Amino acid sequence: MITALRKRLGRPQPPYKYPLDRSNDRHFPDGWSGRLYVWDIDKTYLATEIHSLKALLAVPFEFAIDKRNVAGTVALLKALRRGVAPRGLTASNPIYFVSASPPQLRLVIQRKMLLDGVEFDGITFKDQVALVVRGQFGKLREQIGYKLSALLLNRQELPWDVQETLFGDDSESDALIYSLYGDVVAGRLRGEALVKTLLKHQVRREDADYAALLADGMPHKELVHSIFINLEVRKNPERFVDFHQRLVPCHDAFQASLRLFEDGQIDEEGVAAVAHQLVVTLRRQQASLLRSAADMVARGAVGLATLERLWGILQARGLAPDYFVVDAARVPSHPRPEATEGGFLTPESMRA
């Protein structure tokens, strides 16, 4: 099959590569293992308006100080970087960004991260200018082929056993892209099956072949721990009911922080920092945090015991309403499904 793919790529001409711009500043020692976080930028970290041509054209002319964050994400990124470590120490967990923005915005975005105090280890940008020069205007908005290629290129440079947690939003196709990636890394979706699935989602043949070649020969292991989707466009999380339980739709950063705390990826201070940024810095009502927490428990995305562990801490800091006591009778909950290691992350209806 791979031989056929190579023929389709037109060898012995120079092999095709998706036009993107990557940086990786992290050197991993031999045998390093741990957690790694990959974030989309627009609508996941930055509240970028991308739903109109006028807004898209304005993006390159914005200064770093003009860019707004998705509420609570700066505190969440810092909590993930710190990880769960003894007080005063940090795990310095790796953080990578994959953006559909052009590399011409690299300096602006890096300045924004510097202003926010967000530490990162690498960024990948989509080379939109190269696409325009090639006359491939259809690829400017098509993200599946681009992001899957970027994730696989990153994976080739990572210690193989590193566990990844991925963050995206529902304004594009991040849920599908991350699920496909998890299945590719686990070895469930490769070769011709991967190519046909990508073609089903209007990925160009050359990009589908390229992704399959990147995966060819890669070891296989269950390495995508969880996927968080910011519900920026469609507010109903039931839209993702067919996806694997490792995919967690969230209305806000506080919901994500609750699940990450339950999974042992951030500590109480991390959750409190997200809540502080929302309530104190952004003047969000305390009751809104209660609604967010109750929604996660009701959906079975977070256990009631997790809320019981955190609620007193948040109340003591004036971040949660003091009139509410965590009580199973007042916050109906559904048991969180048992985690399963195997099985497709990508819904059957979305695979070829």
# chains A, B, ... in the order shown; residues from 1 in each chain; ligands from 1
call {"tool": "select_by_dssp", "arguments": {"residues": "range 188-238 of chain A", "states": "strand (DSSP E)", "output": "PyMOL selection string"}}
result
chain A and resi 224-230
call {"tool": "write_last_selection", "arguments": {"atoms": "C-alpha atoms", "output": "JSON list (two decimals), in the first residue's frame"}}
result
[["chain", "number", "residue", "atom", "x", "y", "z"],
["A", 224, "VAL", "CA", -3.70, 10.44, 23.54],
["A", 225, "HIS", "CA", -4.88, 10.69, 27.14],
["A", 226, "SER", "CA", -7.71, 13.19, 26.65],
["A", 227, "ILE", "CA", -9.15, 15.81, 24.32],
["A", 228, "PHE", "CA", -10.72, 19.06, 25.52],
["A", 229, "ILE", "CA", -13.02, 20.99, 23.19],
["A", 230, "ASN", "CA", -13.96, 24.59, 24.00]]
call {"tool": "residues_around", "arguments": {"residues": "range 173-181 of chain A", "least_positions_apart": "4", "cutoff": "9 Å", "atoms": "only C-alpha atoms", "output": "ChimeraX atom specification"}}
result
/A:40,143-145,147-148,151-152,166-169,185-186,189,194,224,227-229,240,243-244,247,344-347,350-351
call {"tool": "select_by_dssp", "arguments": {"residues": "range 181-311 of chain A", "states": "alpha helix (DSSP H)", "output": "PyMOL selection string"}}
result
chain A and resi 181-185+191-200+205-215+253-262+268-276+286-299+304-311
call {"tool": "closest_residue", "arguments": {"among": "A:Gln255, A:Asn69, A:Ser92, A:Thr281", "to": "Gly34 in chain A", "atoms": "only C-alpha atoms"}}
result
A:Ser92
call {"tool": "closest_residue", "arguments": {"among": "A:Val248, A:Leu158, A:Ala352, A:Val274", "to": "Pro29 in chain A", "atoms": "only C-alpha atoms"}}
result
A:Leu158
call {"tool": "closest_residue", "arguments": {"among": "A:Pro102, A:Gly72, A:Pro19, A:Gly312", "to": "Ala130 in chain A", "atoms": "only C-alpha atoms"}}
result
A:Pro19
call {"tool": "residues_around", "arguments": {"residues": "range 313-329 of chain A", "least_positions_apart": "2", "cutoff": "10 Å", "atoms": "only C-alpha atoms", "output": "ChimeraX atom specification"}}
result
/A:268-269,271-273,275-280,284-290,294,297,304-305,307-311,331-333
call {"tool": "closest_residue", "arguments": {"among": "A:Arg81, A:Arg291, A:Arg259, A:Arg190", "to": "Gly217 in chain A", "atoms": "only C-alpha atoms"}}
result
A:Arg190
call {"tool": "atom_distance", "arguments": {"atom1": "CA of Ser292 in chain A", "atom2": "CA of Phe120 in chain A"}}
result
28.0 Å
